[in-house]
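coords.csv (CSV, N, CA, C and O atoms) appears below.
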```csv
chain,number,residue,atom,x,y,z
A,1,MET,N,-25.3,-24.0,-21.3
A,1,MET,CA,-25.5,-23.7,-19.9
A,1,MET,C,-24.2,-23.9,-19.1
A,1,MET,O,-24.0,-23.2,-18.2
A,2,ARG,N,-23.4,-24.8,-19.5
A,2,ARG,CA,-22.1,-25.0,-18.8
A,2,ARG,C,-21.2,-23.8,-18.9
A,2,ARG,O,-20.5,-23.5,-17.9
A,3,ALA,N,-21.2,-23.0,-19.9
A,3,ALA,CA,-20.4,-21.8,-20.0
A,3,ALA,C,-20.8,-20.7,-19.0
A,3,ALA,O,-20.1,-19.9,-18.7
A,4,ALA,N,-22.1,-20.8,-18.6
A,4,ALA,CA,-22.6,-19.8,-17.7
A,4,ALA,C,-22.0,-20.0,-16.2
A,4,ALA,O,-22.0,-19.0,-15.5
A,5,ARG,N,-21.6,-21.2,-15.9
A,5,ARG,CA,-21.1,-21.4,-14.5
A,5,ARG,C,-19.9,-20.6,-14.1
A,5,ARG,O,-19.9,-20.0,-13.1
A,6,PRO,N,-18.9,-20.5,-15.0
A,6,PRO,CA,-17.7,-19.6,-14.6
A,6,PRO,C,-18.2,-18.1,-14.4
A,6,PRO,O,-17.7,-17.4,-13.5
A,7,ALA,N,-19.1,-17.7,-15.3
A,7,ALA,CA,-19.6,-16.3,-15.2
A,7,ALA,C,-20.3,-16.1,-13.9
A,7,ALA,O,-20.2,-15.1,-13.2
A,8,LEU,N,-21.1,-17.1,-13.5
A,8,LEU,CA,-21.9,-17.0,-12.2
A,8,LEU,C,-20.9,-17.0,-11.0
A,8,LEU,O,-21.1,-16.2,-10.1
A,9,ALA,N,-19.9,-17.8,-11.1
A,9,ALA,CA,-18.9,-17.8,-10.0
A,9,ALA,C,-18.2,-16.5,-9.9
A,9,ALA,O,-18.0,-16.0,-8.8
A,10,PHE,N,-17.9,-15.9,-11.0
A,10,PHE,CA,-17.2,-14.6,-11.1
A,10,PHE,C,-18.2,-13.5,-10.5
A,10,PHE,O,-17.7,-12.7,-9.6
A,11,LEU,N,-19.4,-13.5,-10.9
A,11,LEU,CA,-20.4,-12.5,-10.3
A,11,LEU,C,-20.6,-12.7,-8.8
A,11,LEU,O,-20.7,-11.8,-8.1
A,12,ALA,N,-20.6,-14.0,-8.4
A,12,ALA,CA,-20.8,-14.2,-7.0
A,12,ALA,C,-19.6,-13.7,-6.2
A,12,ALA,O,-19.7,-13.1,-5.1
A,13,ALA,N,-18.4,-13.9,-6.7
A,13,ALA,CA,-17.2,-13.4,-6.0
A,13,ALA,C,-17.2,-11.9,-6.0
A,13,ALA,O,-16.8,-11.3,-4.9
A,14,LEU,N,-17.7,-11.3,-7.0
A,14,LEU,CA,-17.8,-9.8,-7.0
A,14,LEU,C,-18.8,-9.3,-6.0
A,14,LEU,O,-18.6,-8.4,-5.2
A,15,ALA,N,-19.9,-10.0,-5.9
A,15,ALA,CA,-21.0,-9.6,-5.0
A,15,ALA,C,-20.7,-9.9,-3.6
A,15,ALA,O,-21.0,-9.1,-2.7
A,16,PHE,N,-20.1,-11.0,-3.3
A,16,PHE,CA,-19.9,-11.4,-1.9
A,16,PHE,C,-18.4,-11.2,-1.4
A,16,PHE,O,-18.1,-11.4,-0.3
A,17,GLY,N,-17.5,-10.9,-2.3
A,17,GLY,CA,-16.1,-10.7,-2.0
A,17,GLY,C,-15.4,-12.1,-1.7
A,17,GLY,O,-16.1,-13.1,-1.7
A,18,SER,N,-14.2,-12.0,-1.5
A,18,SER,CA,-13.4,-13.3,-1.3
A,18,SER,C,-13.3,-13.6,0.1
A,18,SER,O,-12.7,-14.6,0.5
A,19,GLY,N,-13.7,-12.7,1.0
A,19,GLY,CA,-13.6,-13.0,2.5
A,19,GLY,C,-12.3,-12.5,3.0
A,19,GLY,O,-12.1,-12.4,4.2
A,20,ALA,N,-11.4,-12.0,2.2
A,20,ALA,CA,-10.1,-11.4,2.6
A,20,ALA,C,-10.3,-10.0,2.9
A,20,ALA,O,-10.8,-9.2,2.1
A,21,GLY,N,-9.9,-9.6,4.1
A,21,GLY,CA,-9.9,-8.2,4.5
A,21,GLY,C,-8.8,-7.4,3.8
A,21,GLY,O,-7.9,-7.9,3.3
A,22,ALA,N,-8.8,-6.1,4.0
A,22,ALA,CA,-7.8,-5.2,3.4
A,22,ALA,C,-6.4,-5.5,4.0
A,22,ALA,O,-5.4,-5.4,3.3
A,23,ALA,N,-6.4,-5.9,5.3
A,23,ALA,CA,-5.1,-6.2,5.9
A,23,ALA,C,-4.5,-7.5,5.4
A,23,ALA,O,-3.3,-7.7,5.6
A,24,GLU,N,-5.3,-8.3,4.7
A,24,GLU,CA,-4.8,-9.6,4.2
A,24,GLU,C,-4.5,-9.5,2.8
A,24,GLU,O,-4.0,-10.5,2.2
A,25,MET,N,-4.7,-8.4,2.1
A,25,MET,CA,-4.4,-8.2,0.7
A,25,MET,C,-2.9,-8.3,0.5
A,25,MET,O,-2.1,-8.1,1.4
A,26,ARG,N,-2.5,-8.6,-0.7
A,26,ARG,CA,-1.1,-8.6,-1.1
A,26,ARG,C,-0.6,-7.2,-1.1
A,26,ARG,O,-1.4,-6.3,-1.6
A,27,PRO,N,0.6,-6.9,-0.7
A,27,PRO,CA,1.0,-5.5,-0.8
A,27,PRO,C,1.2,-5.0,-2.2
A,27,PRO,O,1.5,-5.8,-3.1
A,28,PRO,N,1.0,-3.8,-2.5
A,28,PRO,CA,1.1,-3.2,-3.8
A,28,PRO,C,2.6,-3.2,-4.2
A,28,PRO,O,3.5,-3.2,-3.3
A,29,PRO,N,2.9,-3.2,-5.5
A,29,PRO,CA,4.3,-3.1,-5.9
A,29,PRO,C,4.9,-1.8,-5.3
A,29,PRO,O,4.3,-0.8,-5.2
A,30,GLY,N,6.1,-2.0,-4.8
A,30,GLY,CA,6.8,-0.9,-4.2
A,30,GLY,C,6.8,-0.9,-2.7
A,30,GLY,O,7.7,-0.4,-2.0
A,31,ALA,N,5.8,-1.5,-2.1
A,31,ALA,CA,5.6,-1.5,-0.6
A,31,ALA,C,6.8,-2.3,0.1
A,31,ALA,O,7.1,-1.9,1.2
A,32,SER,N,7.3,-3.3,-0.6
A,32,SER,CA,8.4,-4.0,0.0
A,32,SER,C,9.6,-3.2,0.2
A,32,SER,O,10.4,-3.5,1.1
A,33,SER,N,9.8,-2.1,-0.6
A,33,SER,CA,11.0,-1.3,-0.4
A,33,SER,C,10.9,-0.4,0.9
A,33,SER,O,11.9,0.1,1.3
A,34,CYS,N,9.7,-0.4,1.5
A,34,CYS,CA,9.5,0.4,2.7
A,34,CYS,C,9.8,-0.4,4.0
A,34,CYS,O,10.2,0.2,5.0
A,35,THR,N,9.7,-1.7,3.9
A,35,THR,CA,9.7,-2.5,5.1
A,35,THR,C,11.1,-2.7,5.6
A,35,THR,O,11.3,-3.1,6.8
A,36,GLY,N,12.1,-2.4,4.9
A,36,GLY,CA,13.5,-2.5,5.4
A,36,GLY,C,13.8,-1.5,6.5
A,36,GLY,O,14.5,-1.8,7.5
A,37,CYS,N,13.2,-0.3,6.4
A,37,CYS,CA,13.4,0.8,7.4
A,37,CYS,C,12.2,1.1,8.3
A,37,CYS,O,12.3,1.7,9.3
A,38,HIS,N,11.0,0.6,7.8
A,38,HIS,CA,9.8,1.1,8.5
A,38,HIS,C,9.0,-0.1,9.0
A,38,HIS,O,7.8,-0.3,8.6
A,39,THR,N,9.6,-0.9,9.9
A,39,THR,CA,8.9,-2.0,10.6
A,39,THR,C,8.9,-1.8,12.1
A,39,THR,O,9.6,-0.9,12.6
A,40,GLU,N,8.2,-2.6,12.8
A,40,GLU,CA,8.3,-2.6,14.3
A,40,GLU,C,9.7,-2.6,14.8
A,40,GLU,O,10.5,-3.5,14.4
A,41,GLY,N,10.1,-1.7,15.6
A,41,GLY,CA,11.4,-1.7,16.2
A,41,GLY,C,12.5,-1.1,15.3
A,41,GLY,O,13.7,-0.9,15.7
A,42,ALA,N,12.2,-0.7,14.1
A,42,ALA,CA,13.2,-0.1,13.2
A,42,ALA,C,13.4,1.3,13.5
A,42,ALA,O,12.6,2.0,14.1
A,43,ALA,N,14.6,1.8,13.1
A,43,ALA,CA,15.0,3.2,13.5
A,43,ALA,C,14.0,4.2,13.0
A,43,ALA,O,13.8,5.3,13.6
A,44,MET,N,13.4,4.0,11.8
A,44,MET,CA,12.6,5.0,11.2
A,44,MET,C,11.1,4.9,11.6
A,44,MET,O,10.3,5.7,11.2
A,45,GLY,N,10.8,3.9,12.4
A,45,GLY,CA,9.4,3.8,12.8
A,45,GLY,C,8.5,3.0,11.8
A,45,GLY,O,8.9,3.0,10.7
A,46,ARG,N,7.5,2.4,12.3
A,46,ARG,CA,6.6,1.6,11.5
A,46,ARG,C,5.6,2.4,10.7
A,46,ARG,O,5.2,3.5,11.2
A,47,LEU,N,5.2,2.0,9.6
A,47,LEU,CA,4.2,2.6,8.7
A,47,LEU,C,2.8,2.0,9.0
A,47,LEU,O,1.8,2.7,8.8
A,48,GLU,N,2.8,0.8,9.4
A,48,GLU,CA,1.5,0.1,9.6
A,48,GLU,C,0.6,0.9,10.6
A,48,GLU,O,1.1,1.2,11.7
A,49,GLY,N,-0.6,1.2,10.2
A,49,GLY,CA,-1.5,1.8,11.0
A,49,GLY,C,-1.5,3.4,10.9
A,49,GLY,O,-2.4,4.0,11.4
A,50,ARG,N,-0.4,3.9,10.3
A,50,ARG,CA,-0.4,5.4,10.1
A,50,ARG,C,-1.5,5.7,9.1
A,50,ARG,O,-1.9,4.9,8.3
A,51,SER,N,-2.0,6.9,9.1
A,51,SER,CA,-3.1,7.3,8.2
A,51,SER,C,-2.6,7.4,6.8
A,51,SER,O,-1.4,7.7,6.6
A,52,GLU,N,-3.5,7.0,5.9
A,52,GLU,CA,-3.1,7.1,4.5
A,52,GLU,C,-2.7,8.5,4.1
A,52,GLU,O,-1.7,8.7,3.4
A,53,ALA,N,-3.5,9.5,4.6
A,53,ALA,CA,-3.1,10.9,4.3
A,53,ALA,C,-1.8,11.3,4.8
A,53,ALA,O,-1.0,12.0,4.1
A,54,GLU,N,-1.4,10.8,5.9
A,54,GLU,CA,0.0,11.1,6.5
A,54,GLU,C,1.1,10.6,5.6
A,54,GLU,O,2.1,11.2,5.3
A,55,ILE,N,0.9,9.3,5.2
A,55,ILE,CA,1.9,8.7,4.4
A,55,ILE,C,2.0,9.3,3.0
A,55,ILE,O,3.1,9.6,2.5
A,56,VAL,N,0.9,9.6,2.4
A,56,VAL,CA,0.9,10.3,1.1
A,56,VAL,C,1.5,11.6,1.2
A,56,VAL,O,2.3,12.0,0.3
A,57,ALA,N,1.2,12.4,2.2
A,57,ALA,CA,1.8,13.7,2.4
A,57,ALA,C,3.3,13.6,2.6
A,57,ALA,O,4.0,14.5,2.0
A,58,ALA,N,3.7,12.7,3.3
A,58,ALA,CA,5.2,12.5,3.5
A,58,ALA,C,5.9,12.2,2.2
A,58,ALA,O,6.9,12.8,1.9
A,59,LEU,N,5.3,11.2,1.5
A,59,LEU,CA,5.9,10.9,0.2
A,59,LEU,C,5.9,12.1,-0.8
A,59,LEU,O,6.9,12.3,-1.5
A,60,ASP,N,4.8,12.8,-0.8
A,60,ASP,CA,4.8,14.0,-1.7
A,60,ASP,C,5.9,15.0,-1.3
A,60,ASP,O,6.5,15.6,-2.1
A,61,ALA,N,6.0,15.2,0.1
A,61,ALA,CA,7.0,16.2,0.6
A,61,ALA,C,8.4,15.7,0.2
A,61,ALA,O,9.3,16.5,-0.2
A,62,PHE,N,8.7,14.4,0.4
A,62,PHE,CA,10.0,13.9,0.0
A,62,PHE,C,10.3,14.1,-1.5
A,62,PHE,O,11.3,14.5,-1.9
A,63,ARG,N,9.3,13.7,-2.3
A,63,ARG,CA,9.4,13.7,-3.7
A,63,ARG,C,9.6,15.1,-4.2
A,63,ARG,O,10.4,15.4,-5.1
A,64,GLY,N,9.0,16.1,-3.6
A,64,GLY,CA,9.1,17.5,-4.1
A,64,GLY,C,10.2,18.3,-3.4
A,64,GLY,O,10.5,19.4,-3.8
A,65,GLY,N,10.9,17.6,-2.5
A,65,GLY,CA,12.0,18.3,-1.8
A,65,GLY,C,11.7,19.2,-0.7
A,65,GLY,O,12.6,19.8,-0.1
A,66,ALA,N,10.4,19.2,-0.3
A,66,ALA,CA,10.0,20.1,0.8
A,66,ALA,C,10.4,19.4,2.2
A,66,ALA,O,10.5,20.2,3.2
A,67,ARG,N,10.6,18.2,2.2
A,67,ARG,CA,11.1,17.5,3.4
A,67,ARG,C,12.5,17.0,3.2
A,67,ARG,O,12.7,16.1,2.3
A,68,PRO,N,13.4,17.4,3.9
A,68,PRO,CA,14.8,17.0,3.7
A,68,PRO,C,15.0,15.5,4.0
A,68,PRO,O,14.4,15.0,4.9
A,69,ALA,N,15.9,14.9,3.3
A,69,ALA,CA,16.2,13.5,3.5
A,69,ALA,C,17.5,13.1,2.8
A,69,ALA,O,18.0,13.8,1.9
A,70,THR,N,18.1,12.0,3.3
A,70,THR,CA,19.3,11.5,2.6
A,70,THR,C,19.0,10.4,1.7
A,70,THR,O,19.7,10.3,0.7
A,71,LEU,N,17.9,9.7,1.9
A,71,LEU,CA,17.5,8.6,1.0
A,71,LEU,C,16.0,8.6,0.6
A,71,LEU,O,15.7,8.3,-0.6
A,72,MET,N,15.1,9.0,1.5
A,72,MET,CA,13.7,9.0,1.2
A,72,MET,C,13.3,9.8,0.0
A,72,MET,O,12.4,9.4,-0.8
A,73,ASN,N,14.0,10.9,-0.2
A,73,ASN,CA,13.7,11.7,-1.4
A,73,ASN,C,13.9,11.0,-2.7
A,73,ASN,O,13.1,11.0,-3.6
A,74,ARG,N,14.9,10.2,-2.8
A,74,ARG,CA,15.2,9.4,-4.0
A,74,ARG,C,14.2,8.2,-4.1
A,74,ARG,O,13.8,7.9,-5.2
A,75,ILE,N,13.9,7.6,-3.0
A,75,ILE,CA,12.9,6.5,-3.0
A,75,ILE,C,11.6,7.0,-3.4
A,75,ILE,O,10.9,6.4,-4.3
A,76,ALA,N,11.1,8.1,-2.8
A,76,ALA,CA,9.8,8.7,-3.2
A,76,ALA,C,9.7,9.1,-4.6
A,76,ALA,O,8.6,8.9,-5.2
A,77,LYS,N,10.7,9.5,-5.2
A,77,LYS,CA,10.7,9.9,-6.6
A,77,LYS,C,10.5,8.7,-7.5
A,77,LYS,O,10.1,8.8,-8.7
A,78,GLY,N,10.7,7.5,-7.0
A,78,GLY,CA,10.5,6.3,-7.8
A,78,GLY,C,9.0,5.9,-7.9
A,78,GLY,O,8.7,5.0,-8.6
A,79,PHE,N,8.1,6.6,-7.1
A,79,PHE,CA,6.7,6.2,-7.1
A,79,PHE,C,5.9,7.4,-7.7
A,79,PHE,O,6.1,8.6,-7.3
A,80,ASP,N,5.0,7.1,-8.6
A,80,ASP,CA,4.1,8.2,-9.0
A,80,ASP,C,3.0,8.4,-8.0
A,80,ASP,O,2.9,7.7,-7.0
A,81,GLU,N,2.1,9.3,-8.2
A,81,GLU,CA,1.0,9.6,-7.2
A,81,GLU,C,0.1,8.4,-6.9
A,81,GLU,O,-0.2,8.1,-5.8
A,82,ALA,N,-0.3,7.7,-8.0
A,82,ALA,CA,-1.2,6.5,-7.8
A,82,ALA,C,-0.5,5.4,-7.0
A,82,ALA,O,-1.1,4.8,-6.1
A,83,GLU,N,0.8,5.2,-7.3
A,83,GLU,CA,1.6,4.2,-6.6
A,83,GLU,C,1.7,4.6,-5.1
A,83,GLU,O,1.6,3.7,-4.2
A,84,SER,N,2.0,5.9,-4.9
A,84,SER,CA,2.1,6.3,-3.5
A,84,SER,C,0.8,6.1,-2.7
A,84,SER,O,0.8,5.7,-1.6
A,85,ARG,N,-0.3,6.4,-3.3
A,85,ARG,CA,-1.6,6.2,-2.7
A,85,ARG,C,-1.9,4.8,-2.4
A,85,ARG,O,-2.4,4.4,-1.4
A,86,ALA,N,-1.5,3.9,-3.3
A,86,ALA,CA,-1.8,2.5,-3.1
A,86,ALA,C,-0.9,2.0,-2.0
A,86,ALA,O,-1.4,1.2,-1.1
A,87,ILE,N,0.3,2.4,-1.9
A,87,ILE,CA,1.2,2.0,-0.8
A,87,ILE,C,0.7,2.5,0.5
A,87,ILE,O,0.6,1.8,1.5
A,88,ALA,N,0.3,3.8,0.5
A,88,ALA,CA,-0.2,4.4,1.7
A,88,ALA,C,-1.5,3.7,2.2
A,88,ALA,O,-1.6,3.4,3.4
A,89,ALA,N,-2.4,3.4,1.3
A,89,ALA,CA,-3.6,2.7,1.7
A,89,ALA,C,-3.3,1.3,2.3
A,89,ALA,O,-4.0,0.9,3.3
A,90,TRP,N,-2.4,0.6,1.7
A,90,TRP,CA,-2.1,-0.7,2.2
A,90,TRP,C,-1.5,-0.7,3.6
A,90,TRP,O,-1.9,-1.4,4.5
A,91,PHE,N,-0.5,0.3,3.8
A,91,PHE,CA,0.1,0.3,5.1
A,91,PHE,C,-0.9,0.8,6.2
A,91,PHE,O,-0.9,0.4,7.3
A,92,ALA,N,-1.8,1.8,5.8
A,92,ALA,CA,-2.8,2.2,6.7
A,92,ALA,C,-3.8,1.1,7.1
A,92,ALA,O,-4.1,1.0,8.3
A,93,ALA,N,-4.1,0.2,6.2
A,93,ALA,CA,-5.0,-0.9,6.4
A,93,ALA,C,-4.3,-1.9,7.4
A,93,ALA,O,-5.0,-2.7,8.1
A,94,GLN,N,-3.0,-2.0,7.4
A,94,GLN,CA,-2.4,-3.0,8.2
A,94,GLN,C,-2.6,-2.8,9.7
A,94,GLN,O,-2.5,-3.7,10.5
A,95,GLY,N,-2.8,-1.5,10.1
A,95,GLY,CA,-3.1,-1.2,11.5
A,95,GLY,C,-4.4,-1.7,12.0
A,95,GLY,O,-4.7,-1.7,13.1
A,96,SER,N,-5.3,-2.0,11.0
A,96,SER,CA,-6.7,-2.4,11.4
A,96,SER,C,-6.8,-3.9,11.7
A,96,SER,O,-7.9,-4.4,11.9
A,97,ARG,N,-5.7,-4.6,11.7
A,97,ARG,CA,-5.7,-6.1,11.9
A,97,ARG,C,-6.0,-6.4,13.3
A,97,ARG,O,-5.6,-5.7,14.2
```
Once more with this new file: its structure as C-alpha cells, please.
Amino acid sequence: MRAARPALAFLAALAFGSGAGAAEMRPPPGASSCTGCHTEGAAMGRLEGRSEAEIVAALDAFRGGARPATLMNRIAKGFDEAESRAIAAWFAAQGSR
C-alpha cells in the first residue's frame, strides 16, 4: 500500500494542477535569447502580452526571409516550428499576469 502513495500524489497533481498559472511557468528553452531586445523600454518593443499568432507569424516570416532583418532572421532560424510556438505561447501568457 505504501507504493501507492506516490502514484496517488502524482494523480492528484495532474487532476488539480500545481497552482502555478501560465504566467508563472518557467520560460521554454530559447526564450531568454529574446529578452535582450524585447523587454519593457527596449528599442525593439516588448513581446509579453502580444498574441501567440503574431509572434509565431513574425518568427516564420523572419525564418523564411519574407521579413527583412539584420539579426532576427538568423535568430529565428535557430528555432524549429514547435520551439517557436512554445516561445510565442509563453510570451503571450506573460501579458495575462
Using all atoms listed in the file, determine which residues lie at most 7 Å from Arg63 (chain A), disregarding the query and same-chain residues fewer than 4 positions distant; provide the list as a PDB file with N, CA, C and O atoms, in the frame of the given file.
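What follows is the written file result_8.pdb:
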```pdb
ATOM      1  N   ALA A  57       1.200  12.400   2.200  1.00  0.00           N
ATOM      2  CA  ALA A  57       1.800  13.700   2.400  1.00  0.00           C
ATOM      3  C   ALA A  57       3.300  13.600   2.600  1.00  0.00           C
ATOM      4  O   ALA A  57       4.000  14.500   2.000  1.00  0.00           O
ATOM      5  N   ALA A  58       3.700  12.700   3.300  1.00  0.00           N
ATOM      6  CA  ALA A  58       5.200  12.500   3.500  1.00  0.00           C
ATOM      7  C   ALA A  58       5.900  12.200   2.200  1.00  0.00           C
ATOM      8  O   ALA A  58       6.900  12.800   1.900  1.00  0.00           O
ATOM      9  N   LEU A  59       5.300  11.200   1.500  1.00  0.00           N
ATOM     10  CA  LEU A  59       5.900  10.900   0.200  1.00  0.00           C
ATOM     11  C   LEU A  59       5.900  12.100  -0.800  1.00  0.00           C
ATOM     12  O   LEU A  59       6.900  12.300  -1.500  1.00  0.00           O
ATOM     13  N   ARG A  67      10.600  18.200   2.200  1.00  0.00           N
ATOM     14  CA  ARG A  67      11.100  17.500   3.400  1.00  0.00           C
ATOM     15  C   ARG A  67      12.500  17.000   3.200  1.00  0.00           C
ATOM     16  O   ARG A  67      12.700  16.100   2.300  1.00  0.00           O
ATOM     17  N   MET A  72      15.100   9.000   1.500  1.00  0.00           N
ATOM     18  CA  MET A  72      13.700   9.000   1.200  1.00  0.00           C
ATOM     19  C   MET A  72      13.300   9.800   0.000  1.00  0.00           C
ATOM     20  O   MET A  72      12.400   9.400  -0.800  1.00  0.00           O
ATOM     21  N   ASN A  73      14.000  10.900  -0.200  1.00  0.00           N
ATOM     22  CA  ASN A  73      13.700  11.700  -1.400  1.00  0.00           C
ATOM     23  C   ASN A  73      13.900  11.000  -2.700  1.00  0.00           C
ATOM     24  O   ASN A  73      13.100  11.000  -3.600  1.00  0.00           O
ATOM     25  N   ARG A  74      14.900  10.200  -2.800  1.00  0.00           N
ATOM     26  CA  ARG A  74      15.200   9.400  -4.000  1.00  0.00           C
ATOM     27  C   ARG A  74      14.200   8.200  -4.100  1.00  0.00           C
ATOM     28  O   ARG A  74      13.800   7.900  -5.200  1.00  0.00           O
ATOM     29  N   ALA A  76      11.100   8.100  -2.800  1.00  0.00           N
ATOM     30  CA  ALA A  76       9.800   8.700  -3.200  1.00  0.00           C
ATOM     31  C   ALA A  76       9.700   9.100  -4.600  1.00  0.00           C
ATOM     32  O   ALA A  76       8.600   8.900  -5.200  1.00  0.00           O
ATOM     33  N   LYS A  77      10.700   9.500  -5.200  1.00  0.00           N
ATOM     34  CA  LYS A  77      10.700   9.900  -6.600  1.00  0.00           C
ATOM     35  C   LYS A  77      10.500   8.700  -7.500  1.00  0.00           C
ATOM     36  O   LYS A  77      10.100   8.800  -8.700  1.00  0.00           O
TER      37      LYS A  77
END
```
Residue among A:Ile55, A:Cys37, A:Met44, A:Ala31 lying closest to Ala92 (chain A), counting only C-alpha atoms:
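Nearest to Ala92 (chain A): A:Ile55.
Here CA of Phe79 (chain A) stands at a distance of 17.8 Å from CA of Arg26 (chain A).
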- request: Pick out the residues sitting within 8 Å of Leu47 (chain A), and hand them over as a PyMOL selection string; count all atoms listed in the file, and ignore anything fewer than 6 positions along from it in its own chain.
  value: chain A and resi 34-35+37-40+55+87-88+90-95
From the list A:Ser33, A:Val56, A:Ala89, A:Glu48, the nearest residue to Ile75 (chain A) using only N, CA, C and O atoms is A:Ser33
